[in-house]
Amino acid sequence: MKDQALWFLENIDVTGIFCPKKLGSGAFHVDKRYRKGEYVYMPDDAADKIFFLFDGRIKIGAYGDSGKEITKAILGRGEVFGELAVLGEKTRRDFAQAMEDTTVCMISANEMKTLMQDHSTLSLFLMKMMGSRMLEMENRLEALVFKDSRTRIIEFIRDLAQKKGQRVGYETLVRKFLTHQEIANLTATSRQTVTTVLNDLRNKNILTFNRRRLLVRDMKLLEQEAGQVA
């Protein structure tokens with residue numbers, strides 16, 4: 001997808017937009033369940049479907065010439081992926097892999113085109129989504145060029161808390177926190193650097209974390225920390 005430079009918009013909930021009762025019960029394929037580690041699609045697979053994530057998490061990525069994995073995005077419930085099939089992509093350039101037991105709903109590219117003709121809200125949604133992903137792509141490319149690894153990690157944590165976090169009093173809780181390697185893959189850094197930065201933020205009492213969750217104790221301090229290294 002767009003070589004290795006397409007980034008995916010977070011916090012898209014299409015459950016209401018793509019409700020079968022609104023769009024017609026015959027529009028959707030049967031939901032499919034993927035176990036942790038299974039691939040929804042691989043590079044060079046036919047790009048003839050669009051996917052809606054009903055439950056679980058999906059990792060979108062690619063493999064470099066050396067075989068190194070490049071993580072483009074990690075998607076959660078309510079998000080959509082594989083949408084370039086609507087724009088004429090014939091084969092996949094990346095992979096989609098279940099990070100946990102995951103349920104997706106599939107719709108063919110041809111069916112989606114028909115729905116877009118009949119439902120202006122759907123067309124507007126897809127246009128906004130693709131535009132936002134292009135903007136996100138530009139922001140991440142700029143970060144790779146102009147910002148050091150510590151800055152990228154801290155800003156990623158900040159954005160994750162803002163987009164995925166839940167307010168708990170004065171703190172912000174992110175459930176299903178990522179592994180250090182996953183954060184490294186998303187920020188083009190190393191696992192060791194991610195561990196060092198997170199431990200430093202924990203020692204400053206800005207956040208705490210374990211394998212299941214991230215708790216940002218003070219968003220203002222985290223913002224200040226990002227500003228100090230920007």
# chains A, B, ... in the order shown; residues from 1 in each chain; ligands from 1

$ residues_around --residues "A:Gln181" --least-positions-apart "3" --cutoff "9 Å" --atoms "only C-alpha atoms" --output "VMD selection string"
chain A and resid 178 184 to 186 189 to 192 194

$ residues_around --residues "A:Ile157" --least-positions-apart "3" --cutoff "12 Å" --atoms "only C-alpha atoms" --output "count of residues only"
37

$ atom_distance --atom1 "atom CA of A:Phe125" --atom2 "atom CA of A:Gly88"
18.2 Å

$ select_by_dssp --residues "stretch 144-201 of chain A" --states "helix (DSSP H, G or I)" --output "number ranges by chain"
A: 144-146, 149-164, 180-187, 191-201

$ select_by_dssp --residues "stretch 16-177 of chain A" --states "strand (DSSP E)" --output "PyMOL selection string"
chain A and resi 32-34+39-41+49-55+58-63+69-75+80-81+95-98+102-108+166-168+171-175

$ atom_distance --atom1 "atom CA of A:Met116" --atom2 "atom CA of A:Leu87"
12.3 Å

$ residues_around --residues "stretch 90-105 of chain A" --least-positions-apart "5" --cutoff "10 Å" --atoms "only C-alpha atoms" --output "CSV table (one decimal) with all heavy atoms, in the first residue's frame"
chain,number,residue,atom,x,y,z
A,1,MET,N,0.8,-1.2,0.0
A,1,MET,CA,0.0,0.0,0.0
A,1,MET,C,0.9,1.2,0.0
A,1,MET,O,1.6,1.5,1.0
A,1,MET,CB,-0.9,0.0,1.2
A,1,MET,CG,-2.0,-1.0,1.2
A,1,MET,SD,-3.1,-0.7,2.6
A,1,MET,CE,-4.4,-1.9,2.2
A,2,LYS,N,0.8,2.0,-1.1
A,2,LYS,CA,1.6,3.2,-1.2
A,2,LYS,C,3.0,2.9,-0.8
A,2,LYS,O,3.6,3.6,0.1
A,2,LYS,CB,1.0,4.3,-0.3
A,2,LYS,CG,-0.4,4.8,-0.8
A,2,LYS,CD,-0.3,5.6,-2.0
A,2,LYS,CE,-1.7,6.1,-2.4
A,2,LYS,NZ,-1.7,6.8,-3.7
A,3,ASP,N,3.6,1.8,-1.3
A,3,ASP,CA,5.0,1.4,-0.9
A,3,ASP,C,5.0,1.1,0.5
A,3,ASP,O,4.2,0.3,1.0
A,3,ASP,CB,6.0,2.4,-1.3
A,3,ASP,CG,6.0,2.6,-2.8
A,3,ASP,OD1,5.8,1.6,-3.6
A,3,ASP,OD2,6.3,3.7,-3.3
A,4,GLN,N,5.8,1.8,1.3
A,4,GLN,CA,5.9,1.5,2.8
A,4,GLN,C,5.6,2.8,3.5
A,4,GLN,O,6.1,3.1,4.6
A,4,GLN,CB,7.2,1.0,3.2
A,4,GLN,CG,7.5,-0.4,2.6
A,4,GLN,CD,8.9,-0.9,2.9
A,4,GLN,OE1,9.7,-0.1,3.5
A,4,GLN,NE2,9.2,-2.1,2.5
A,6,LEU,N,2.2,4.3,3.8
A,6,LEU,CA,0.8,4.6,4.1
A,6,LEU,C,0.5,4.4,5.6
A,6,LEU,O,0.7,3.3,6.1
A,6,LEU,CB,-0.2,3.7,3.3
A,6,LEU,CG,-1.7,3.9,3.6
A,6,LEU,CD1,-2.1,5.3,3.1
A,6,LEU,CD2,-2.5,2.9,2.9
A,28,PHE,N,-23.0,-7.6,3.3
A,28,PHE,CA,-21.8,-8.1,4.0
A,28,PHE,C,-21.6,-9.6,3.8
A,28,PHE,O,-22.5,-10.4,3.6
A,28,PHE,CB,-22.0,-7.8,5.5
A,28,PHE,CG,-21.8,-6.4,5.8
A,28,PHE,CD1,-22.8,-5.4,5.7
A,28,PHE,CD2,-20.5,-5.9,6.2
A,28,PHE,CE1,-22.6,-4.1,6.0
A,28,PHE,CE2,-20.3,-4.6,6.5
A,28,PHE,CZ,-21.3,-3.7,6.4
A,29,HIS,N,-20.3,-9.9,3.8
A,29,HIS,CA,-19.9,-11.3,3.8
A,29,HIS,C,-20.0,-11.8,5.3
A,29,HIS,O,-20.2,-11.0,6.2
A,29,HIS,CB,-18.4,-11.4,3.4
A,29,HIS,CG,-18.2,-11.1,1.9
A,29,HIS,ND1,-18.3,-12.1,1.0
A,29,HIS,CD2,-17.9,-10.0,1.3
A,29,HIS,CE1,-18.1,-11.5,-0.2
A,29,HIS,NE2,-17.9,-10.3,0.0
A,30,VAL,N,-19.9,-13.1,5.5
A,30,VAL,CA,-19.9,-13.6,6.8
A,30,VAL,C,-18.7,-13.2,7.6
A,30,VAL,O,-17.6,-13.1,7.1
A,30,VAL,CB,-19.9,-15.2,6.8
A,30,VAL,CG1,-19.9,-15.8,8.2
A,30,VAL,CG2,-21.2,-15.6,6.0
A,31,ASP,N,-18.9,-12.8,8.9
A,31,ASP,CA,-17.8,-12.4,9.7
A,31,ASP,C,-16.8,-13.6,9.8
A,31,ASP,O,-17.2,-14.7,9.7
A,31,ASP,CB,-18.3,-12.1,11.1
A,31,ASP,CG,-19.2,-10.9,11.2
A,31,ASP,OD1,-19.3,-10.2,10.1
A,31,ASP,OD2,-19.8,-10.6,12.2
A,32,LYS,N,-15.5,-13.2,9.9
A,32,LYS,CA,-14.5,-14.2,10.0
A,32,LYS,C,-13.7,-14.0,11.2
A,32,LYS,O,-13.3,-12.8,11.5
A,32,LYS,CB,-13.6,-14.3,8.8
A,32,LYS,CG,-12.6,-15.4,8.8
A,32,LYS,CD,-12.0,-15.6,7.4
A,32,LYS,CE,-11.0,-16.8,7.4
A,32,LYS,NZ,-10.4,-17.0,6.1
A,33,ARG,N,-13.3,-15.1,11.9
A,33,ARG,CA,-12.5,-15.0,13.1
A,33,ARG,C,-11.1,-15.4,12.9
A,33,ARG,O,-10.9,-16.4,12.2
A,33,ARG,CB,-13.1,-15.9,14.2
A,33,ARG,CG,-12.5,-15.8,15.6
A,33,ARG,CD,-12.9,-14.6,16.3
A,33,ARG,NE,-12.5,-14.6,17.7
A,33,ARG,CZ,-12.6,-13.6,18.5
A,33,ARG,NH1,-13.2,-12.4,18.1
A,33,ARG,NH2,-12.2,-13.6,19.8
A,34,TYR,N,-10.1,-14.6,13.3
A,34,TYR,CA,-8.7,-14.9,13.2
A,34,TYR,C,-8.1,-15.1,14.5
A,34,TYR,O,-8.3,-14.3,15.4
A,34,TYR,CB,-8.0,-13.8,12.4
A,34,TYR,CG,-8.4,-13.7,11.0
A,34,TYR,CD1,-9.4,-12.9,10.6
A,34,TYR,CD2,-7.7,-14.4,10.0
A,34,TYR,CE1,-9.8,-12.8,9.3
A,34,TYR,CE2,-8.1,-14.3,8.6
A,34,TYR,CZ,-9.1,-13.5,8.3
A,34,TYR,OH,-9.5,-13.4,7.0
A,35,ARG,N,-7.3,-16.2,14.7
A,35,ARG,CA,-6.6,-16.4,15.9
A,35,ARG,C,-5.3,-15.5,16.0
A,35,ARG,O,-4.8,-15.1,15.0
A,35,ARG,CB,-6.2,-17.8,16.1
A,35,ARG,CG,-7.4,-18.8,16.3
A,35,ARG,CD,-7.0,-20.2,16.6
A,35,ARG,NE,-8.1,-21.1,16.8
A,35,ARG,CZ,-8.8,-21.2,17.9
A,35,ARG,NH1,-8.5,-20.5,19.0
A,35,ARG,NH2,-9.8,-22.0,18.0
A,36,LYS,N,-4.8,-15.3,17.2
A,36,LYS,CA,-3.6,-14.5,17.4
A,36,LYS,C,-2.5,-15.1,16.5
A,36,LYS,O,-2.2,-16.3,16.5
A,36,LYS,CB,-3.2,-14.5,18.8
A,36,LYS,CG,-1.9,-13.7,19.1
A,36,LYS,CD,-1.6,-13.8,20.6
A,36,LYS,CE,-0.3,-13.0,20.9
A,36,LYS,NZ,0.1,-13.0,22.3
A,37,GLY,N,-1.9,-14.2,15.7
A,37,GLY,CA,-0.8,-14.6,14.8
A,37,GLY,C,-1.2,-14.9,13.4
A,37,GLY,O,-0.3,-15.0,12.5
A,38,GLU,N,-2.5,-15.1,13.2
A,38,GLU,CA,-2.9,-15.4,11.8
A,38,GLU,C,-2.9,-14.2,11.0
A,38,GLU,O,-3.2,-13.1,11.5
A,38,GLU,CB,-4.3,-16.0,11.9
A,38,GLU,CG,-4.4,-17.5,12.3
A,38,GLU,CD,-5.8,-18.1,12.0
A,38,GLU,OE1,-6.7,-17.8,12.8
A,38,GLU,OE2,-6.0,-18.8,11.0
A,39,TYR,N,-2.7,-14.4,9.7
A,39,TYR,CA,-2.7,-13.3,8.7
A,39,TYR,C,-4.1,-13.1,8.0
A,39,TYR,O,-4.7,-14.1,7.6
A,39,TYR,CB,-1.6,-13.5,7.7
A,39,TYR,CG,-0.2,-13.3,8.2
A,39,TYR,CD1,0.5,-14.4,8.7
A,39,TYR,CD2,0.4,-12.0,8.2
A,39,TYR,CE1,1.8,-14.2,9.1
A,39,TYR,CE2,1.7,-11.9,8.7
A,39,TYR,CZ,2.4,-13.0,9.1
A,39,TYR,OH,3.7,-12.8,9.6
A,40,VAL,N,-4.6,-11.9,8.0
A,40,VAL,CA,-5.8,-11.6,7.2
A,40,VAL,C,-5.4,-11.6,5.7
A,40,VAL,O,-6.1,-12.2,4.9
A,40,VAL,CB,-6.4,-10.3,7.6
A,40,VAL,CG1,-7.7,-10.0,6.8
A,40,VAL,CG2,-6.8,-10.3,9.1
A,41,TYR,N,-4.3,-11.0,5.4
A,41,TYR,CA,-3.7,-11.1,4.0
A,41,TYR,C,-2.3,-10.8,4.1
A,41,TYR,O,-1.7,-10.3,5.1
A,41,TYR,CB,-4.4,-10.1,3.1
A,41,TYR,CG,-4.4,-8.6,3.5
A,41,TYR,CD1,-3.2,-7.9,3.4
A,41,TYR,CD2,-5.6,-8.0,4.0
A,41,TYR,CE1,-3.2,-6.5,3.7
A,41,TYR,CE2,-5.6,-6.7,4.3
A,41,TYR,CZ,-4.4,-5.9,4.2
A,41,TYR,OH,-4.4,-4.6,4.5
A,42,MET,N,-1.6,-11.2,3.0
A,42,MET,CA,-0.1,-11.1,2.9
A,42,MET,C,0.2,-10.3,1.7
A,42,MET,O,-0.6,-10.2,0.8
A,42,MET,CB,0.5,-12.5,2.9
A,42,MET,CG,0.4,-13.3,4.1
A,42,MET,SD,1.6,-12.7,5.4
A,42,MET,CE,3.2,-13.2,4.6
A,43,PRO,N,1.5,-9.9,1.5
A,43,PRO,CA,1.9,-9.2,0.3
A,43,PRO,C,1.7,-10.1,-0.9
A,43,PRO,O,1.9,-11.3,-0.8
A,43,PRO,CB,3.4,-8.9,0.5
A,43,PRO,CG,3.5,-8.8,2.0
A,43,PRO,CD,2.5,-9.8,2.6
A,44,ASP,N,1.2,-9.5,-2.0
A,44,ASP,CA,0.9,-10.2,-3.2
A,44,ASP,C,-0.4,-10.9,-3.3
A,44,ASP,O,-0.8,-11.4,-4.3
A,44,ASP,CB,2.0,-11.1,-3.7
A,44,ASP,CG,3.4,-10.4,-3.9
A,44,ASP,OD1,3.3,-9.3,-4.4
A,44,ASP,OD2,4.4,-11.0,-3.6
A,45,ASP,N,-1.2,-10.9,-2.1
A,45,ASP,CA,-2.5,-11.5,-2.2
A,45,ASP,C,-3.4,-10.5,-3.0
A,45,ASP,O,-3.1,-9.3,-3.1
A,45,ASP,CB,-3.1,-11.6,-0.7
A,45,ASP,CG,-2.6,-12.8,0.0
A,45,ASP,OD1,-1.8,-13.6,-0.6
A,45,ASP,OD2,-2.9,-12.9,1.2
A,46,ALA,N,-4.5,-11.0,-3.5
A,46,ALA,CA,-5.4,-10.2,-4.3
A,46,ALA,C,-6.1,-9.2,-3.4
A,46,ALA,O,-6.5,-9.4,-2.3
A,46,ALA,CB,-6.5,-11.1,-4.9
A,47,ALA,N,-6.1,-7.9,-3.9
A,47,ALA,CA,-6.7,-6.8,-3.1
A,47,ALA,C,-8.1,-6.6,-3.6
A,47,ALA,O,-8.4,-5.7,-4.4
A,47,ALA,CB,-5.8,-5.6,-3.3
A,48,ASP,N,-9.0,-7.5,-3.2
A,48,ASP,CA,-10.4,-7.4,-3.7
A,48,ASP,C,-11.4,-7.2,-2.6
A,48,ASP,O,-12.6,-7.3,-2.9
A,48,ASP,CB,-10.7,-8.7,-4.5
A,48,ASP,CG,-10.5,-10.0,-3.7
A,48,ASP,OD1,-10.0,-9.9,-2.5
A,48,ASP,OD2,-10.8,-11.1,-4.2
A,49,LYS,N,-11.0,-7.0,-1.4
A,49,LYS,CA,-11.9,-6.8,-0.3
A,49,LYS,C,-11.4,-5.7,0.6
A,49,LYS,O,-10.3,-5.3,0.7
A,49,LYS,CB,-11.9,-8.1,0.6
A,49,LYS,CG,-12.5,-9.3,-0.1
A,49,LYS,CD,-12.6,-10.5,0.8
A,49,LYS,CE,-13.2,-11.7,0.1
A,49,LYS,NZ,-12.3,-12.2,-1.0
A,50,ILE,N,-12.4,-5.1,1.3
A,50,ILE,CA,-12.1,-4.2,2.4
A,50,ILE,C,-12.6,-4.8,3.7
A,50,ILE,O,-13.6,-5.5,3.7
A,50,ILE,CB,-12.9,-2.8,2.1
A,50,ILE,CG1,-12.4,-2.2,0.8
A,50,ILE,CG2,-12.7,-1.9,3.3
A,50,ILE,CD1,-13.1,-1.0,0.4
A,51,PHE,N,-11.9,-4.5,4.8
A,51,PHE,CA,-12.1,-5.2,6.1
A,51,PHE,C,-12.6,-4.2,7.1
A,51,PHE,O,-12.0,-3.1,7.2
A,51,PHE,CB,-10.9,-5.9,6.5
A,51,PHE,CG,-10.4,-6.9,5.5
A,51,PHE,CD1,-9.5,-6.5,4.5
A,51,PHE,CD2,-10.8,-8.2,5.6
A,51,PHE,CE1,-9.1,-7.5,3.5
A,51,PHE,CE2,-10.4,-9.2,4.7
A,51,PHE,CZ,-9.5,-8.8,3.7
A,52,PHE,N,-13.5,-4.6,8.0
A,52,PHE,CA,-13.9,-3.8,9.1
A,52,PHE,C,-13.7,-4.6,10.4
A,52,PHE,O,-14.1,-5.8,10.5
A,52,PHE,CB,-15.4,-3.5,9.0
A,52,PHE,CG,-15.8,-2.8,7.7
A,52,PHE,CD1,-16.2,-3.6,6.6
A,52,PHE,CD2,-15.6,-1.5,7.5
A,52,PHE,CE1,-16.5,-3.0,5.4
A,52,PHE,CE2,-15.8,-0.9,6.3
A,52,PHE,CZ,-16.3,-1.7,5.2
A,53,LEU,N,-13.0,-4.0,11.3
A,53,LEU,CA,-12.5,-4.7,12.5
A,53,LEU,C,-13.6,-4.5,13.6
A,53,LEU,O,-13.8,-3.5,14.1
A,53,LEU,CB,-11.2,-4.1,13.0
A,53,LEU,CG,-10.5,-4.6,14.2
A,53,LEU,CD1,-10.3,-6.1,14.1
A,53,LEU,CD2,-9.1,-4.0,14.3
A,54,PHE,N,-14.3,-5.6,13.9
A,54,PHE,CA,-15.4,-5.6,14.9
A,54,PHE,C,-14.8,-5.9,16.3
A,54,PHE,O,-15.4,-5.5,17.3
A,54,PHE,CB,-16.4,-6.7,14.5
A,54,PHE,CG,-17.4,-6.3,13.5
A,54,PHE,CD1,-17.3,-5.0,12.9
A,54,PHE,CD2,-18.4,-7.1,13.1
A,54,PHE,CE1,-18.2,-4.6,11.9
A,54,PHE,CE2,-19.3,-6.7,12.1
A,54,PHE,CZ,-19.2,-5.4,11.5
A,55,ASP,N,-13.8,-6.7,16.4
A,55,ASP,CA,-13.3,-7.0,17.7
A,55,ASP,C,-11.8,-7.4,17.6
A,55,ASP,O,-11.4,-8.1,16.6
A,55,ASP,CB,-14.1,-8.1,18.3
A,55,ASP,CG,-13.7,-8.5,19.8
A,55,ASP,OD1,-13.5,-7.5,20.5
A,55,ASP,OD2,-13.6,-9.7,20.1
A,56,GLY,N,-11.0,-7.1,18.6
A,56,GLY,CA,-9.6,-7.5,18.6
A,56,GLY,C,-8.7,-6.4,18.1
A,56,GLY,O,-9.0,-5.2,18.0
A,57,ARG,N,-7.5,-6.8,17.6
A,57,ARG,CA,-6.5,-5.8,17.1
A,57,ARG,C,-5.8,-6.4,15.9
A,57,ARG,O,-5.5,-7.6,15.8
A,57,ARG,CB,-5.4,-5.5,18.2
A,57,ARG,CG,-6.0,-4.6,19.3
A,57,ARG,CD,-4.9,-4.1,20.2
A,57,ARG,NE,-4.2,-5.2,20.8
A,57,ARG,CZ,-3.0,-5.1,21.5
A,57,ARG,NH1,-2.4,-4.0,21.5
A,57,ARG,NH2,-2.4,-6.2,22.0
A,58,ILE,N,-5.5,-5.5,14.9
A,58,ILE,CA,-4.8,-5.9,13.7
A,58,ILE,C,-3.5,-5.1,13.6
A,58,ILE,O,-3.5,-3.9,13.8
A,58,ILE,CB,-5.7,-5.7,12.5
A,58,ILE,CG1,-6.8,-6.7,12.4
A,58,ILE,CG2,-4.9,-5.7,11.2
A,58,ILE,CD1,-6.4,-8.1,12.1
A,59,LYS,N,-2.4,-5.8,13.2
A,59,LYS,CA,-1.2,-5.1,12.8
A,59,LYS,C,-1.0,-5.0,11.3
A,59,LYS,O,-1.1,-6.0,10.6
A,59,LYS,CB,0.0,-5.8,13.5
A,59,LYS,CG,1.4,-5.2,13.1
A,59,LYS,CD,2.5,-5.7,13.9
A,59,LYS,CE,2.7,-7.2,13.7
A,59,LYS,NZ,3.8,-7.8,14.5
A,60,ILE,N,-0.8,-3.8,10.8
A,60,ILE,CA,-0.5,-3.6,9.4
A,60,ILE,C,1.0,-3.3,9.3
A,60,ILE,O,1.6,-2.5,10.0
A,60,ILE,CB,-1.3,-2.4,8.8
A,60,ILE,CG1,-2.8,-2.5,9.1
A,60,ILE,CG2,-1.0,-2.2,7.4
A,60,ILE,CD1,-3.4,-3.6,8.4
A,61,GLY,N,1.7,-4.1,8.4
A,61,GLY,CA,3.1,-3.9,8.2
A,61,GLY,C,3.6,-4.5,6.9
A,61,GLY,O,2.8,-4.9,6.0
A,62,ALA,N,4.9,-4.4,6.8
A,62,ALA,CA,5.6,-4.9,5.6
A,62,ALA,C,6.9,-5.5,6.0
A,62,ALA,O,7.4,-5.2,7.1
A,62,ALA,CB,5.7,-3.8,4.5
A,63,TYR,N,7.5,-6.2,5.0
A,63,TYR,CA,8.9,-6.7,5.3
A,63,TYR,C,9.9,-6.0,4.3
A,63,TYR,O,9.6,-5.9,3.1
A,63,TYR,CB,8.9,-8.2,5.0
A,63,TYR,CG,8.0,-9.0,6.0
A,63,TYR,CD1,6.8,-9.6,5.6
A,63,TYR,CD2,8.4,-9.1,7.3
A,63,TYR,CE1,6.0,-10.3,6.5
A,63,TYR,CE2,7.6,-9.8,8.3
A,63,TYR,CZ,6.5,-10.4,7.8
A,63,TYR,OH,5.7,-11.0,8.8
A,70,ILE,N,8.5,-4.1,9.2
A,70,ILE,CA,8.1,-2.6,9.4
A,70,ILE,C,6.7,-2.5,9.8
A,70,ILE,O,5.8,-3.0,9.0
A,70,ILE,CB,8.4,-1.9,8.1
A,70,ILE,CG1,9.9,-2.0,7.6
A,70,ILE,CG2,8.0,-0.4,8.2
A,70,ILE,CD1,10.1,-1.5,6.2
A,71,THR,N,6.4,-2.0,11.0
A,71,THR,CA,5.0,-1.8,11.4
A,71,THR,C,4.5,-0.5,11.0
A,71,THR,O,5.1,0.5,11.3
A,71,THR,CB,4.9,-2.0,12.9
A,71,THR,OG1,5.5,-3.2,13.3
A,71,THR,CG2,3.5,-1.8,13.4
A,72,LYS,N,3.4,-0.5,10.3
A,72,LYS,CA,2.8,0.8,9.8
A,72,LYS,C,1.7,1.3,10.8
A,72,LYS,O,1.6,2.5,11.0
A,72,LYS,CB,2.2,0.6,8.4
A,72,LYS,CG,3.2,0.2,7.4
A,72,LYS,CD,2.6,0.0,6.0
A,72,LYS,CE,3.6,-0.3,4.9
A,72,LYS,NZ,2.9,-0.5,3.6
A,73,ALA,N,1.0,0.4,11.3
A,73,ALA,CA,-0.1,0.8,12.2
A,73,ALA,C,-0.6,-0.4,13.0
A,73,ALA,O,-0.5,-1.6,12.6
A,73,ALA,CB,-1.2,1.4,11.5
A,74,ILE,N,-1.2,-0.1,14.2
A,74,ILE,CA,-1.9,-1.1,15.0
A,74,ILE,C,-3.3,-0.6,15.1
A,74,ILE,O,-3.6,0.5,15.7
A,74,ILE,CB,-1.2,-1.3,16.3
A,74,ILE,CG1,0.1,-2.0,16.1
A,74,ILE,CG2,-2.1,-2.2,17.2
A,74,ILE,CD1,1.0,-2.2,17.3
A,75,LEU,N,-4.3,-1.4,14.6
A,75,LEU,CA,-5.7,-0.9,14.6
A,75,LEU,C,-6.5,-1.7,15.6
A,75,LEU,O,-6.3,-2.8,15.9
A,75,LEU,CB,-6.2,-1.2,13.2
A,75,LEU,CG,-5.4,-0.7,12.0
A,75,LEU,CD1,-6.1,-1.0,10.7
A,75,LEU,CD2,-5.2,0.8,12.1
A,76,GLY,N,-7.6,-1.0,16.1
A,76,GLY,CA,-8.5,-1.5,17.1
A,76,GLY,C,-9.9,-1.6,16.6
A,76,GLY,O,-10.2,-1.3,15.4
A,77,ARG,N,-10.8,-1.9,17.5
A,77,ARG,CA,-12.2,-2.1,17.1
A,77,ARG,C,-12.8,-0.9,16.4
A,77,ARG,O,-12.5,0.2,16.8
A,77,ARG,CB,-13.0,-2.4,18.4
A,77,ARG,CG,-14.5,-2.7,18.2
A,77,ARG,CD,-15.2,-2.9,19.5
A,77,ARG,NE,-16.6,-3.2,19.2
A,77,ARG,CZ,-17.6,-2.3,19.0
A,77,ARG,NH1,-17.2,-1.0,19.0
A,77,ARG,NH2,-18.8,-2.6,18.7
A,78,GLY,N,-13.6,-1.2,15.4
A,78,GLY,CA,-14.2,-0.1,14.7
A,78,GLY,C,-13.5,0.5,13.5
A,78,GLY,O,-14.0,1.4,12.9
A,79,GLU,N,-12.2,0.0,13.3
A,79,GLU,CA,-11.4,0.6,12.3
A,79,GLU,C,-11.5,-0.2,11.0
A,79,GLU,O,-11.9,-1.3,11.0
A,79,GLU,CB,-10.0,0.8,12.7
A,79,GLU,CG,-9.9,1.7,14.0
A,79,GLU,CD,-8.4,2.0,14.3
A,79,GLU,OE1,-7.8,2.9,13.7
A,79,GLU,OE2,-7.9,1.4,15.3
A,80,VAL,N,-11.1,0.5,9.9
A,80,VAL,CA,-11.2,-0.1,8.6
A,80,VAL,C,-9.8,-0.2,8.0
A,80,VAL,O,-8.9,0.6,8.2
A,80,VAL,CB,-12.1,0.7,7.7
A,80,VAL,CG1,-11.6,2.2,7.6
A,80,VAL,CG2,-12.3,0.1,6.3
A,81,PHE,N,-9.5,-1.3,7.2
A,81,PHE,CA,-8.3,-1.4,6.5
A,81,PHE,C,-8.4,-2.1,5.2
A,81,PHE,O,-9.5,-2.7,4.9
A,81,PHE,CB,-7.2,-2.1,7.4
A,81,PHE,CG,-7.6,-3.5,7.8
A,81,PHE,CD1,-7.1,-4.6,7.2
A,81,PHE,CD2,-8.5,-3.7,8.9
A,81,PHE,CE1,-7.5,-5.9,7.6
A,81,PHE,CE2,-8.9,-5.0,9.3
A,81,PHE,CZ,-8.4,-6.1,8.7
A,82,GLY,N,-7.4,-2.0,4.3
A,82,GLY,CA,-7.5,-2.6,3.0
A,82,GLY,C,-8.3,-1.8,2.0
A,82,GLY,O,-8.7,-2.3,1.0
A,84,LEU,N,-7.5,0.5,-0.1
A,84,LEU,CA,-7.0,0.9,-1.4
A,84,LEU,C,-7.5,0.0,-2.5
A,84,LEU,O,-7.4,0.2,-3.7
A,84,LEU,CB,-5.5,0.8,-1.4
A,84,LEU,CG,-4.8,2.0,-0.6
A,84,LEU,CD1,-3.3,2.0,-0.9
A,84,LEU,CD2,-5.4,3.3,-1.1
A,85,ALA,N,-8.2,-1.1,-2.1
A,85,ALA,CA,-8.9,-2.0,-3.1
A,85,ALA,C,-9.9,-1.2,-3.9
A,85,ALA,O,-10.2,-1.4,-5.1
A,85,ALA,CB,-9.5,-3.2,-2.5
